[in-house]
Structure formats: C-alpha cells, structure tokens
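Asker: This is upload-v2.csv, which holds CSV, C-alpha atoms (C1' of nucleotides):
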chain,number,residue,atom,x,y,z
A,1,MET,CA,77.8,54.2,106.6
A,2,GLY,CA,80.9,53.8,104.4
A,3,MET,CA,84.2,52.5,105.6
A,4,THR,CA,85.4,55.5,107.5
A,5,ASN,CA,85.6,56.0,111.3
A,6,GLU,CA,82.0,56.3,112.5
A,7,GLY,CA,82.2,57.9,115.9
A,8,GLU,CA,84.7,56.2,118.1
A,9,ARG,CA,88.2,57.6,118.1
A,10,PRO,CA,90.6,55.5,116.1
A,11,PRO,CA,92.9,53.2,118.0
A,12,GLY,CA,96.2,54.5,119.2
A,13,PRO,CA,97.2,57.0,121.9
A,14,PRO,CA,94.7,59.8,122.6
A,15,PRO,CA,95.9,63.2,121.5
A,16,PRO,CA,98.6,64.4,123.8
A,17,PRO,CA,97.4,66.7,126.5
A,18,THR,CA,98.7,69.6,124.5
A,19,GLY,CA,102.5,69.8,124.3
A,20,ALA,CA,104.8,72.7,124.8
A,21,ALA,CA,105.0,73.6,121.1
A,22,PHE,CA,101.3,74.0,120.8
A,23,LEU,CA,101.0,75.9,124.0
A,24,LEU,CA,103.7,78.2,122.8
A,25,ALA,CA,101.9,78.9,119.6
A,26,GLN,CA,98.6,79.3,121.3
A,27,LEU,CA,99.9,81.6,124.1
A,28,GLY,CA,102.0,83.5,121.6
A,29,ALA,CA,99.0,84.3,119.4
A,30,HIS,CA,97.0,85.2,122.5
A,31,ALA,CA,99.8,87.5,123.8
A,32,ALA,CA,100.1,89.2,120.4
A,33,GLU,CA,96.3,89.7,120.2
A,34,LEU,CA,96.1,91.1,123.7
A,35,PHE,CA,99.0,93.4,123.1
A,36,ALA,CA,97.5,94.7,119.9
A,37,GLU,CA,94.3,95.5,121.8
A,38,ARG,CA,96.3,97.6,124.3
A,39,LEU,CA,98.2,99.3,121.5
A,40,ALA,CA,94.9,100.2,119.8
A,41,GLU,CA,94.3,102.5,122.8
A,42,LEU,CA,97.3,104.5,121.6
A,43,ASP,CA,96.1,104.2,118.0
A,44,LEU,CA,99.0,102.0,117.1
A,45,THR,CA,99.4,98.7,115.4
A,46,PRO,CA,102.2,96.3,116.5
A,47,PRO,CA,104.4,97.1,113.5
A,48,GLN,CA,104.0,100.8,114.2
A,49,SER,CA,105.1,100.3,117.8
A,50,GLY,CA,108.0,98.2,116.4
A,51,LEU,CA,109.1,101.1,114.3
A,52,LEU,CA,108.9,103.6,117.1
A,53,ARG,CA,111.0,101.4,119.3
A,54,LEU,CA,113.4,100.8,116.5
A,55,LEU,CA,113.8,104.6,116.1
A,56,ALA,CA,114.3,105.1,119.8
A,57,ASP,CA,117.2,102.6,119.8
A,58,SER,CA,118.9,103.7,116.6
A,59,PRO,CA,117.6,107.0,115.1
A,60,GLY,CA,118.4,108.3,111.7
A,61,ARG,CA,118.6,105.2,109.7
A,62,SER,CA,117.4,104.9,106.1
A,63,GLN,CA,113.9,103.7,105.1
A,64,ARG,CA,115.3,100.7,103.4
A,65,GLU,CA,117.2,99.5,106.5
A,66,LEU,CA,114.2,100.0,108.7
A,67,ALA,CA,112.0,98.2,106.2
A,68,ASP,CA,114.4,95.3,106.2
A,69,ASP,CA,114.4,95.2,110.0
A,70,LEU,CA,110.6,95.1,110.0
A,71,GLY,CA,110.5,92.5,107.3
A,72,MET,CA,108.5,94.5,104.8
A,73,PRO,CA,109.3,95.6,101.2
A,74,PRO,CA,110.4,99.2,100.9
A,75,SER,CA,107.4,100.0,98.8
A,76,ARG,CA,105.2,99.1,101.6
A,77,PHE,CA,107.2,101.1,104.1
A,78,VAL,CA,106.4,104.3,102.3
A,79,ALA,CA,102.7,104.5,103.2
A,80,PHE,CA,103.5,103.0,106.5
A,81,ALA,CA,105.8,105.8,107.4
A,82,ASP,CA,103.6,108.4,105.7
A,83,GLU,CA,100.9,107.8,108.2
A,84,LEU,CA,103.1,108.1,111.2
A,85,GLU,CA,104.7,111.3,109.8
A,86,GLU,CA,101.3,112.8,109.2
A,87,ARG,CA,100.5,112.1,112.8
A,88,GLY,CA,103.6,113.9,113.8
A,89,LEU,CA,105.2,110.9,115.4
A,90,ILE,CA,108.2,110.5,113.1
A,91,GLU,CA,110.2,112.8,110.8
A,92,ARG,CA,112.1,112.3,107.6
A,93,ARG,CA,115.2,114.4,107.1
A,94,ARG,CA,117.2,114.4,103.9
A,95,ASN,CA,120.7,113.1,104.4
A,96,PRO,CA,122.9,115.9,103.0
A,97,ALA,CA,125.8,113.6,102.3
A,98,ASP,CA,123.7,111.3,100.1
A,99,ARG,CA,120.6,113.0,99.0
A,100,ARG,CA,118.9,109.8,98.0
A,101,LEU,CA,118.5,108.8,101.6
A,102,TYR,CA,116.0,109.9,104.2
A,103,GLU,CA,117.1,109.8,107.9
A,104,VAL,CA,114.1,108.7,109.9
A,105,HIS,CA,113.8,110.1,113.4
A,106,LEU,CA,111.3,110.1,116.3
A,107,THR,CA,109.7,113.5,116.9
A,108,ASP,CA,109.2,114.8,120.4
A,109,GLU,CA,105.6,113.7,120.3
A,110,GLY,CA,106.7,110.3,119.1
A,111,GLY,CA,109.1,110.2,122.1
A,112,LYS,CA,106.2,111.0,124.4
A,113,LEU,CA,104.1,108.3,122.8
A,114,LEU,CA,106.9,105.9,123.4
A,115,GLU,CA,106.6,106.4,127.1
A,116,GLY,CA,103.0,105.4,127.0
A,117,LEU,CA,104.1,102.4,125.0
A,118,ARG,CA,106.5,101.4,127.6
A,119,LYS,CA,103.8,101.6,130.2
A,120,VAL,CA,101.4,99.5,128.1
A,121,GLY,CA,104.2,97.0,127.6
A,122,ALA,CA,104.8,96.6,131.4
A,123,GLU,CA,101.1,96.3,132.1
A,124,HIS,CA,100.8,93.7,129.4
A,125,GLU,CA,103.6,91.7,130.9
A,126,CYS,CA,101.9,91.7,134.3
A,127,ARG,CA,98.5,90.8,132.8
A,128,LEU,CA,100.0,87.9,130.9
A,129,THR,CA,102.0,86.4,133.6
A,130,ASP,CA,99.3,86.8,136.2
A,131,GLY,CA,99.0,83.9,138.5
A,132,LEU,CA,102.7,83.2,138.6
A,133,SER,CA,104.9,83.9,141.6
A,134,GLY,CA,107.9,86.1,141.0
A,135,GLN,CA,110.2,83.1,141.1
A,136,GLU,CA,108.1,81.2,138.6
A,137,ARG,CA,108.0,84.2,136.3
A,138,ASP,CA,111.8,84.3,136.4
A,139,GLN,CA,111.9,80.5,135.8
A,140,LEU,CA,109.6,80.8,132.8
A,141,THR,CA,111.5,83.8,131.3
A,142,GLY,CA,114.7,81.9,131.7
A,143,LEU,CA,113.4,78.9,129.9
A,144,LEU,CA,111.9,80.9,127.1
A,145,ARG,CA,115.0,82.9,126.6
A,146,ARG,CA,117.1,79.7,126.3
A,147,LEU,CA,114.6,78.4,123.7
A,148,ALA,CA,114.7,81.6,121.8
A,149,ASP,CA,118.5,81.5,121.8
A,150,ARG,CA,118.6,78.0,120.7
A,151,GLN,CA,116.2,78.7,117.9
A,152,GLY,CA,118.3,81.6,116.7
A,153,LEU,CA,115.7,84.3,117.3
A,154,SER,CA,117.3,87.7,117.5
A,155,PRO,CA,116.2,89.5,120.6
A,156,GLY,CA,113.6,92.2,120.1
A,157,VAL,CA,112.6,91.4,116.5
A,158,HIS,CA,109.2,89.9,116.0
A,159,PRO,CA,108.9,87.7,113.0
A,160,GLY,CA,105.2,88.1,112.9
A,161,PHE,CA,105.3,91.6,111.6
A,162,ARG,CA,105.7,90.2,108.1
A,163,SER,CA,102.0,89.1,108.1
A,164,MET,CA,100.5,91.8,110.3
A,165,ARG,CA,98.0,94.6,109.6
A,166,THR,CA,100.3,97.6,109.2
A,167,GLU,CA,97.6,100.3,109.7
A,168,ARG,CA,94.8,100.7,112.0
A,169,THR,CA,91.4,100.1,110.3
A,170,GLU,CA,88.9,102.9,109.6
A,171,ARG,CA,91.3,105.1,107.7
A,172,THR,CA,88.7,107.5,106.4
A,173,GLY,CA,90.6,110.0,104.3
A,174,ARG,CA,93.2,109.4,101.7
A,175,ARG,CA,96.8,110.2,102.5
A,176,ALA,CA,97.6,113.9,102.3
A,177,GLY,CA,100.0,114.6,99.4
A,178,ARG,CA,103.3,115.4,101.0
A,179,ARG,CA,105.3,115.4,97.8
A,180,SER,CA,107.9,118.1,97.4
A,181,GLY,CA,110.7,117.0,95.2
A,182,ARG,CA,108.6,115.8,92.3
B,1,MET,CA,118.7,120.8,113.6
B,2,GLY,CA,115.4,120.0,115.3
B,3,MET,CA,114.7,119.4,118.9
B,4,THR,CA,114.4,115.6,118.9
B,5,ASN,CA,116.7,113.0,120.2
B,6,GLU,CA,119.9,113.1,118.2
B,7,GLY,CA,121.6,109.8,118.8
B,8,GLU,CA,121.9,109.1,122.5
B,9,ARG,CA,119.1,107.0,124.0
B,10,PRO,CA,116.7,109.1,126.0
B,11,PRO,CA,117.1,109.0,129.8
B,12,GLY,CA,115.3,106.3,131.8
B,13,PRO,CA,115.8,102.6,132.1
B,14,PRO,CA,117.1,100.8,129.1
B,15,PRO,CA,114.6,98.5,127.3
B,16,PRO,CA,114.0,95.5,129.5
B,17,PRO,CA,116.1,92.5,128.4
B,18,THR,CA,112.9,91.1,126.7
B,19,GLY,CA,110.2,90.0,129.1
B,20,ALA,CA,108.2,86.9,129.1
B,21,ALA,CA,105.3,88.4,127.2
B,22,PHE,CA,107.4,89.4,124.2
B,23,LEU,CA,109.3,86.1,124.3
B,24,LEU,CA,106.0,84.2,124.2
B,25,ALA,CA,104.8,86.2,121.2
B,26,GLN,CA,108.2,85.7,119.5
B,27,LEU,CA,108.5,82.1,120.2
B,28,GLY,CA,104.8,81.5,119.4
B,29,ALA,CA,105.2,83.0,116.0
B,30,HIS,CA,108.3,81.1,115.4
B,31,ALA,CA,106.7,77.8,116.5
B,32,ALA,CA,103.7,78.4,114.2
B,33,GLU,CA,106.0,79.3,111.3
B,34,LEU,CA,108.1,76.2,111.8
B,35,PHE,CA,105.0,74.0,112.1
B,36,ALA,CA,103.6,75.4,109.0
B,37,GLU,CA,106.8,74.5,107.1
B,38,ARG,CA,106.6,70.9,108.3
B,39,LEU,CA,102.9,70.9,107.4
B,40,ALA,CA,103.7,72.0,103.9
B,41,GLU,CA,105.5,68.7,103.4
B,42,LEU,CA,102.1,67.1,103.8
B,43,ASP,CA,100.6,69.8,101.5
B,44,LEU,CA,98.6,71.1,104.5
B,45,THR,CA,98.1,74.5,106.0
B,46,PRO,CA,97.6,74.9,109.8
B,47,PRO,CA,93.9,75.5,109.5
B,48,GLN,CA,93.6,72.4,107.3
B,49,SER,CA,95.4,70.4,109.9
B,50,GLY,CA,93.1,71.9,112.5
B,51,LEU,CA,90.0,70.7,110.7
B,52,LEU,CA,91.4,67.2,110.2
B,53,ARG,CA,92.1,66.9,113.9
B,54,LEU,CA,88.7,68.3,114.7
B,55,LEU,CA,87.1,65.7,112.5
B,56,ALA,CA,89.1,62.9,114.2
B,57,ASP,CA,87.9,64.0,117.6
B,58,SER,CA,84.2,64.6,116.7
B,59,PRO,CA,83.2,63.4,113.2
B,60,GLY,CA,79.9,64.2,111.6
B,61,ARG,CA,79.3,67.7,112.7
B,62,SER,CA,77.8,70.4,110.5
B,63,GLN,CA,79.9,72.9,108.4
B,64,ARG,CA,78.6,75.8,110.5
B,65,GLU,CA,79.7,74.3,113.7
B,66,LEU,CA,83.2,73.5,112.3
B,67,ALA,CA,83.5,76.9,110.8
B,68,ASP,CA,82.7,78.4,114.2
B,69,ASP,CA,85.3,76.2,115.9
B,70,LEU,CA,87.9,77.3,113.4
B,71,GLY,CA,86.9,80.9,113.7
B,72,MET,CA,86.0,81.5,110.1
B,73,PRO,CA,82.8,82.6,108.5
B,74,PRO,CA,80.7,79.8,107.0
B,75,SER,CA,81.0,81.3,103.5
B,76,ARG,CA,84.8,80.9,103.8
B,77,PHE,CA,84.5,77.4,105.0
B,78,VAL,CA,82.9,76.2,101.8
B,79,ALA,CA,85.9,76.7,99.5
B,80,PHE,CA,88.1,75.6,102.4
B,81,ALA,CA,86.3,72.2,102.7
B,82,ASP,CA,85.9,71.9,98.9
B,83,GLU,CA,89.6,71.6,98.5
B,84,LEU,CA,90.0,69.0,101.1
B,85,GLU,CA,87.1,67.1,99.7
B,86,GLU,CA,88.6,67.2,96.2
B,87,ARG,CA,91.7,65.8,97.6
B,88,GLY,CA,89.7,62.9,99.1
B,89,LEU,CA,90.6,63.7,102.7
B,90,ILE,CA,87.2,64.6,103.9
B,91,GLU,CA,83.7,63.7,102.9
B,92,ARG,CA,80.3,65.5,103.1
B,93,ARG,CA,77.3,63.4,103.8
B,94,ARG,CA,73.7,64.6,103.8
B,95,ASN,CA,72.0,64.4,107.1
B,96,PRO,CA,68.8,62.5,106.4
B,97,ALA,CA,67.1,63.9,109.5
B,98,ASP,CA,67.7,67.5,108.5
B,99,ARG,CA,68.5,67.8,104.8
B,100,ARG,CA,69.9,71.2,105.2
B,101,LEU,CA,72.9,69.9,107.0
B,102,TYR,CA,76.0,68.2,105.8
B,103,GLU,CA,77.9,65.8,108.1
B,104,VAL,CA,81.6,66.3,107.6
B,105,HIS,CA,83.7,63.2,108.0
B,106,LEU,CA,87.3,62.1,107.6
B,107,THR,CA,87.9,59.6,104.8
B,108,ASP,CA,90.2,56.7,105.1
B,109,GLU,CA,92.8,58.6,103.3
B,110,GLY,CA,92.3,61.6,105.6
B,111,GLY,CA,92.8,59.3,108.5
B,112,LYS,CA,96.0,58.0,107.1
B,113,LEU,CA,97.2,61.6,106.6
B,114,LEU,CA,96.3,62.3,110.2
B,115,GLU,CA,98.9,59.7,111.2
B,116,GLY,CA,101.6,61.6,109.4
B,117,LEU,CA,100.3,64.7,111.0
B,118,ARG,CA,100.8,63.2,114.4
B,119,LYS,CA,104.3,62.3,113.6
B,120,VAL,CA,105.1,65.8,112.3
B,121,GLY,CA,103.6,67.2,115.5
B,122,ALA,CA,105.8,65.0,117.7
B,123,GLU,CA,108.9,65.9,115.7
B,124,HIS,CA,108.0,69.5,115.9
B,125,GLU,CA,107.7,69.3,119.6
B,126,CYS,CA,111.2,67.8,119.9
B,127,ARG,CA,112.8,70.3,117.6
B,128,LEU,CA,111.3,73.2,119.4
B,129,THR,CA,112.1,72.1,122.9
B,130,ASP,CA,115.6,71.1,121.9
B,131,GLY,CA,118.2,71.9,124.4
B,132,LEU,CA,116.0,71.4,127.4
B,133,SER,CA,116.3,68.5,129.8
B,134,GLY,CA,113.2,66.3,130.3
B,135,GLN,CA,112.6,67.8,133.6
B,136,GLU,CA,112.9,71.4,132.2
B,137,ARG,CA,110.5,70.5,129.4
B,138,ASP,CA,108.0,69.3,132.0
B,139,GLN,CA,108.5,72.4,134.0
B,140,LEU,CA,108.0,74.7,131.0
B,141,THR,CA,104.9,72.8,129.9
B,142,GLY,CA,103.5,73.1,133.3
B,143,LEU,CA,104.0,76.8,133.5
B,144,LEU,CA,102.6,77.3,130.0
B,145,ARG,CA,99.5,75.3,130.8
B,146,ARG,CA,98.9,77.3,133.9
B,147,LEU,CA,99.1,80.5,131.9
B,148,ALA,CA,96.8,79.2,129.2
B,149,ASP,CA,94.4,78.1,131.9
B,150,ARG,CA,94.5,81.5,133.6
B,151,GLN,CA,94.1,83.3,130.3
B,152,GLY,CA,91.0,81.3,129.5
B,153,LEU,CA,92.4,79.6,126.4
B,154,SER,CA,90.5,76.5,125.5
B,155,PRO,CA,92.8,73.5,125.1
B,156,GLY,CA,93.4,72.6,121.5
B,157,VAL,CA,92.0,75.6,119.7
B,158,HIS,CA,94.4,78.0,118.1
B,159,PRO,CA,93.1,81.5,118.0
B,160,GLY,CA,95.5,82.4,115.2
B,161,PHE,CA,93.5,80.5,112.6
B,162,ARG,CA,91.3,83.5,112.2
B,163,SER,CA,94.1,85.4,110.4
B,164,MET,CA,95.8,82.5,108.6
B,165,ARG,CA,96.3,81.5,105.1
B,166,THR,CA,93.6,78.8,104.6
B,167,GLU,CA,95.0,77.3,101.4
B,168,ARG,CA,98.4,76.4,100.2
B,169,THR,CA,99.7,78.8,97.6
B,170,GLU,CA,100.2,78.0,93.9
B,171,ARG,CA,96.7,76.7,93.3
B,172,THR,CA,96.9,76.6,89.6
B,173,GLY,CA,93.5,75.4,88.5
B,174,ARG,CA,90.1,76.6,89.5
B,175,ARG,CA,87.9,74.5,91.8
B,176,ALA,CA,86.2,71.7,90.0
B,177,GLY,CA,82.4,72.2,90.0
B,178,ARG,CA,81.0,69.7,92.5
B,179,ARG,CA,77.5,71.0,92.5
B,180,SER,CA,74.7,68.5,92.4
B,181,GLY,CA,71.6,69.8,94.1
B,182,ARG,CA,71.5,73.2,92.4
C,1,DT,C1',60.1,82.9,109.6
C,2,DA,C1',64.7,80.9,110.7
C,3,DT,C1',68.8,78.3,109.4
C,4,DT,C1',72.4,75.7,106.4
C,5,DG,C1',74.9,75.9,102.7
C,6,DT,C1',76.3,78.5,98.9
C,7,DT,C1',77.5,82.1,95.6
C,8,DA,C1',78.6,86.9,94.2
C,9,DT,C1',80.5,91.2,95.0
C,10,DA,C1',83.1,94.7,96.7
C,11,DC,C1',86.9,95.9,99.3
C,12,DT,C1',91.4,95.6,101.6
C,13,DC,C1',96.0,94.4,101.5
C,14,DT,C1',99.9,93.0,99.3
C,15,DA,C1',103.9,92.2,96.3
C,16,DT,C1',105.8,93.3,91.7
C,17,DA,C1',107.4,96.1,88.7
C,18,DA,C1',108.1,100.4,86.8
C,19,DC,C1',109.9,105.2,87.3
C,20,DT,C1',112.6,109.4,89.4
C,21,DA,C1',116.4,111.3,91.5
C,22,DT,C1',120.6,110.8,93.0
C,23,DA,C1',125.1,108.6,93.2
D,1,DT,C1',125.3,101.3,86.2
D,2,DA,C1',123.4,100.9,90.9
D,3,DT,C1',120.7,102.3,94.7
D,4,DA,C1',116.8,104.9,97.8
D,5,DG,C1',112.5,106.2,97.5
D,6,DT,C1',108.2,106.3,95.3
D,7,DT,C1',104.1,105.2,92.6
D,8,DA,C1',101.0,102.3,89.8
D,9,DT,C1',98.9,98.1,89.1
D,10,DA,C1',97.4,93.7,89.2
D,11,DG,C1',96.4,89.8,92.0
D,12,DA,C1',95.1,87.3,96.2
D,13,DG,C1',92.2,86.8,100.2
D,14,DT,C1',88.6,88.4,102.8
D,15,DA,C1',84.0,89.7,104.8
D,16,DT,C1',79.4,91.1,103.6
D,17,DA,C1',75.4,90.4,101.8
D,18,DA,C1',72.4,88.2,98.9
D,19,DC,C1',70.3,83.7,97.5
D,20,DA,C1',68.3,78.7,97.4
D,21,DA,C1',66.8,74.8,99.8
D,22,DT,C1',64.9,73.0,103.8
D,23,DA,C1',62.9,73.2,108.2
Take the structure in the file and give it back as structure tokens.

Answerer:
Amino acid sequence: MGMTNEGERPPGPPPPPTGAAFLLAQLGAHAAELFAERLAELDLTPPQSGLLRLLADSPGRSQRELADDLGMPPSRFVAFADELEERGLIERRRNPADRRLYEVHLTDEGGKLLEGLRKVGAEHECRLTDGLSGQERDQLTGLLRRLADRQGLSPGVHPGFRSMRTERTERTGRRAGRRSGR
Amino acid sequence: MGMTNEGERPPGPPPPPTGAAFLLAQLGAHAAELFAERLAELDLTPPQSGLLRLLADSPGRSQRELADDLGMPPSRFVAFADELEERGLIERRRNPADRRLYEVHLTDEGGKLLEGLRKVGAEHECRLTDGLSGQERDQLTGLLRRLADRQGLSPGVHPGFRSMRTERTERTGRRAGRRSGR
DNA sequence: TATTGTTATACTCTATAACTATA
DNA sequence: TATAGTTATAGAGTATAACAATA
C-alpha cells in the first residue's frame, strides 16, 4: 500500500507512440549491432573497419592524426594498430623527414579486405532498408542527411567509436614483440 | 617503396555518399549522446531513465524480470537499483505471496522525476528533428517506424542499454549498506 | 531441486601518466 | 622545450560463479 501509484497509469497523456528521436536511437543501435555482426565474419570490429577505410581515403598519415580521427587516445591506438599490423593488413613506415612519425598505410592484403568490406556494407544497407521502395529509400536517406547536416555531423565519422570494443574478443596469445628501435 | 597504394584512391567507385544505414548509426549514436546529456541534468543515465519508464508502465514486477527487460544480468541490477533506491526514486517491497521476490515500485519522488523526464524527452525530440517541417517529421517517423517493425524491434526497448554506463560517474562514496535480512 | 536476490572474484578495457627518441 | 610513439599502471565496469533464503 503506501502512497505511490498502485497499478493504474498516472493521469496525463499516454507515452507517445515512440517519436522520431527514440526510433533513431533504437534503429541506430540496431544498425550498428547488425553491422558489427557482419564485420565479425571478416574478423573485424567497427573501429578496425573505420581505420581501414580511413587509410584507403588518405594513406600515410601519422598515428596521432588517425587516433584523433577515430576518437581514441594515442596510447590506445598503439595496440589497436599492432594487431592489424600483425595480421598484415596495415603497415607502419618511418617518415624519413621527421623520424618521430610513422606513416600508416594499407597493405595489399588490407586493400583486398577493404573490398570485402565494401560488399558487406552494401549488403548491410540492403538488409536494413528492406521493405522500402527505391523512392522511399531515397526519401529516407535525404531526410537523414538533412538531419545529420543540421546536427553538424561530419560525413563518414562515427561518434560511437569512442565507446566501442576495439578488438575482437578471444585474443588468445599476447602481442608479438615488434620492437626494433628500443 | 612497397607495392601498396601510394596516394591515389584505388580504382572502382568512390565511397558512396553515405547510405541510409550509416546515417542511421551515426544519427542514432548522436541522438543517444544528446539525450544522455539532457538526462545528466536530472542526474540520470539512459538505463536509469529506462527503468523509471518501465516502472511507470508496469509497476511491481520482480528484479529479474526488469533486469531481463533492460538486458542486464540480475547481479548487475542489484547495485543499479540500490542507487535509485538510496535516492528515493524507487522502492522495493517484499512480495508476501512469494517472499523470494521484491516488487519494484516508483516512489512519489520518482514519479515527479518522471515528469521532468517526459519534458526532456519532448525537448530532445524537437531539437533533433529541428529543420524539418511538420509534414516531413511525420514522414520520417513513419518510415522509421516501418523499418523498426520490419527489423523486429520491440517498441520502447533500447537494445543499446546492454553496453551502456549504468551509473553516473563521480560516485564518491561507497553504497550505504541497506541489508536487513542477512 | 529450482529460483530470487545477493555478494565475491577475476577479468577486460580504459585513461593517465610516465618515458624514449626525435625535433 | 615540444611532440610522436610507446609502455606501465591503476582504476572502473563487467560477467561469472558462488551463496543464502525461500519455494
């Protein structure tokens, strides 16, 4: 008993039948989750795929720049890049002009994986917009793009990387020592 | 040096101008982030607000049921509920019929906070769909709802709670012991 | 024996702050 | 002195697995 609501809903309007904001958050999380599942088939996490795409667009940048773009501290970027380098997907090259810097590049194998990544992305797009006509899909994309613009979201950068698992689970062995200049 | 791409983009179509799937993930993360900021003004996290709303809709359910709905293990739910109970927002009542169960209820204060929560939600909705006409907003909401339906997303449940900070940071003191039947 | 609530533990992930080498 | 990269460490957050009480 007590003086709190006992079973009936309190007076006032019923909860709105789910507005656009909530639907966006819900669908966005769902889209990210689904995409992560597809990426797992390529043994990639979303941040890893983000780096690969970044390197395809602008190769040779420094680790710090890339870490900034991905929204992670440079210290975290090291192990993050280590794993991809061990797998032969990316490559560090000393910058001769400024020997403090590493230029990070995609390897040939990394480039090939990027192709698979594009395919996964396209399939994901289809799966997610399933049930919409071509016209409706365009309509939706247009509205979303306007919202993203209005909200100041830079195209192609996913803010959620900040709080995302950076490595695939089940990393059995420790990182192989790759130190040279120490 | 090396046989990898040296600066030009590889052949093939340029990256698509950001499809609907990516925009959804991006906007969804943005919406969640923005909402979390507004929630912080009420000293609430998204999962906490989720529980409050859950309790408003169906009071008196057991901790296990609620934990399941929120997508967290029951063990985690304990501390989660402890904090809200200490703050006087929710209340545990023994179920006399089955003394293993606690009925979880909203307190009066919790109900009052829920009002503020509704207001924040409405403002958030406006802020996020800013720049759209009323007709466009309806259009967008309709499309999103159809997608959510098609994807099998239950209305009102946010899958992202699973991987979300459950408590507000800067908890200075430890939890006050509230044990009685031990 | 099964289930709810709870606690304890061990583990993962993270940021922070040092430290090295280059500039 | 400042900056890129790196390592070490300490802290937060988590799931898992025990445990107690009740059924």

Asker: Any idea which chain C residues end up within 10 Å of chain B if we count only C-alpha atoms (C1' of nucleotides), as a list in words please?

Answerer: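 Close to chain B, chain C has DT3, DT4, DG5, DT6 and DT7 of chain C.
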
Asker: Enter the distance from atom CA of A:Glu33 to atom CA of A:Gly71, in Å, rounded to one decimal.

Answerer: 19.4 Å

Asker: Please report the interatomic distance between atom CA of B:Thr107 and atom CA of B:Thr45 in Å with one decimal.

Answerer: 18.1 Å

Asker: Skipping near chain neighbours, those fewer than 4 positions away, what residues fall within 8 Å of stretch 7-15 of chain D using only C-alpha atoms (C1' of nucleotides), listed as a list of chain:residue names?

Answerer: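 Counting only the stated atoms, we get C:DT12, C:DA18, C:DC19.
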
Asker: Check every residue of chain D for an atom within 8 Å of chain B, counting all atoms listed in the file, and provide those that qualify as a PyMOL selection string.

Answerer: chain D and resi 21-23

Asker: Counting all atoms listed in the file, which residues of chain B come no farther than 8 Å from chain A, as a PyMOL selection string?

Answerer: chain B and resi 3-7+9-10+18-32+56-60+105-108+124-125+128-131+136-137+140-141+143-145+147-148+150-151+155-160

Asker: At what distance in Å, to one decimal, does atom CA of A:Leu34 lie from atom CA of B:Leu34?

Answerer: 22.5 Å

Asker: Missing atoms in stretch 42-61 of chain A: fill them in up to N, CA and C atoms and send the result as a PDB file, in the frame of the given file.

Answerer:
ATOM      1  N   LEU A  42      96.347 103.398 122.037  1.00  0.00           N
ATOM      2  CA  LEU A  42      97.300 104.500 121.600  1.00  0.00           C
ATOM      3  C   LEU A  42      97.172 104.720 120.144  1.00  0.00           C
ATOM      4  N   ASP A  43      96.201 104.096 119.488  1.00  0.00           N
ATOM      5  CA  ASP A  43      96.100 104.200 118.000  1.00  0.00           C
ATOM      6  C   ASP A  43      97.298 103.730 117.317  1.00  0.00           C
ATOM      7  N   LEU A  44      97.804 102.613 117.775  1.00  0.00           N
ATOM      8  CA  LEU A  44      99.000 102.000 117.100  1.00  0.00           C
ATOM      9  C   LEU A  44      98.765 100.581 116.801  1.00  0.00           C
ATOM     10  N   THR A  45      99.408 100.136 115.741  1.00  0.00           N
ATOM     11  CA  THR A  45      99.400  98.700 115.400  1.00  0.00           C
ATOM     12  C   THR A  45     100.787  98.152 115.911  1.00  0.00           C
ATOM     13  N   PRO A  46     100.895  96.843 116.042  1.00  0.00           N
ATOM     14  CA  PRO A  46     102.200  96.300 116.500  1.00  0.00           C
ATOM     15  C   PRO A  46     103.349  96.688 115.578  1.00  0.00           C
ATOM     16  N   PRO A  47     103.223  96.639 114.250  1.00  0.00           N
ATOM     17  CA  PRO A  47     104.400  97.100 113.500  1.00  0.00           C
ATOM     18  C   PRO A  47     104.719  98.550 113.703  1.00  0.00           C
ATOM     19  N   GLN A  48     103.710  99.379 113.904  1.00  0.00           N
ATOM     20  CA  GLN A  48     104.000 100.800 114.200  1.00  0.00           C
ATOM     21  C   GLN A  48     104.766 100.932 115.484  1.00  0.00           C
ATOM     22  N   SER A  49     104.343 100.198 116.505  1.00  0.00           N
ATOM     23  CA  SER A  49     105.100 100.300 117.800  1.00  0.00           C
ATOM     24  C   SER A  49     106.492  99.742 117.568  1.00  0.00           C
ATOM     25  N   GLY A  50     106.629  98.755 116.697  1.00  0.00           N
ATOM     26  CA  GLY A  50     108.000  98.200 116.400  1.00  0.00           C
ATOM     27  C   GLY A  50     108.863  99.270 115.812  1.00  0.00           C
ATOM     28  N   LEU A  51     108.327 100.045 114.899  1.00  0.00           N
ATOM     29  CA  LEU A  51     109.100 101.100 114.300  1.00  0.00           C
ATOM     30  C   LEU A  51     109.525 102.146 115.309  1.00  0.00           C
ATOM     31  N   LEU A  52     108.577 102.575 116.118  1.00  0.00           N
ATOM     32  CA  LEU A  52     108.900 103.600 117.100  1.00  0.00           C
ATOM     33  C   LEU A  52     110.017 103.122 118.034  1.00  0.00           C
ATOM     34  N   ARG A  53     109.927 101.872 118.466  1.00  0.00           N
ATOM     35  CA  ARG A  53     111.000 101.400 119.300  1.00  0.00           C
ATOM     36  C   ARG A  53     112.313 101.291 118.603  1.00  0.00           C
ATOM     37  N   LEU A  54     112.235 100.903 117.347  1.00  0.00           N
ATOM     38  CA  LEU A  54     113.400 100.800 116.500  1.00  0.00           C
ATOM     39  C   LEU A  54     114.095 102.209 116.446  1.00  0.00           C
ATOM     40  N   LEU A  55     113.279 103.227 116.226  1.00  0.00           N
ATOM     41  CA  LEU A  55     113.800 104.600 116.100  1.00  0.00           C
ATOM     42  C   LEU A  55     114.378 105.096 117.401  1.00  0.00           C
ATOM     43  N   ALA A  56     113.794 104.665 118.505  1.00  0.00           N
ATOM     44  CA  ALA A  56     114.300 105.100 119.800  1.00  0.00           C
ATOM     45  C   ALA A  56     115.710 104.500 120.018  1.00  0.00           C
ATOM     46  N   ASP A  57     115.888 103.270 119.577  1.00  0.00           N
ATOM     47  CA  ASP A  57     117.200 102.600 119.800  1.00  0.00           C
ATOM     48  C   ASP A  57     118.244 103.093 118.835  1.00  0.00           C
ATOM     49  N   SER A  58     117.862 103.301 117.583  1.00  0.00           N
ATOM     50  CA  SER A  58     118.900 103.700 116.600  1.00  0.00           C
ATOM     51  C   SER A  58     118.224 104.670 115.604  1.00  0.00           C
ATOM     52  N   PRO A  59     118.226 105.955 115.933  1.00  0.00           N
ATOM     53  CA  PRO A  59     117.600 107.000 115.100  1.00  0.00           C
ATOM     54  C   PRO A  59     118.411 107.270 113.843  1.00  0.00           C
ATOM     55  N   GLY A  60     117.746 107.772 112.842  1.00  0.00           N
ATOM     56  CA  GLY A  60     118.400 108.300 111.700  1.00  0.00           C
ATOM     57  C   GLY A  60     118.779 107.338 110.600  1.00  0.00           C
ATOM     58  N   ARG A  61     118.293 106.115 110.711  1.00  0.00           N
ATOM     59  CA  ARG A  61     118.600 105.200 109.700  1.00  0.00           C
ATOM     60  C   ARG A  61     117.740 105.349 108.447  1.00  0.00           C
TER      61      ARG A  61
END
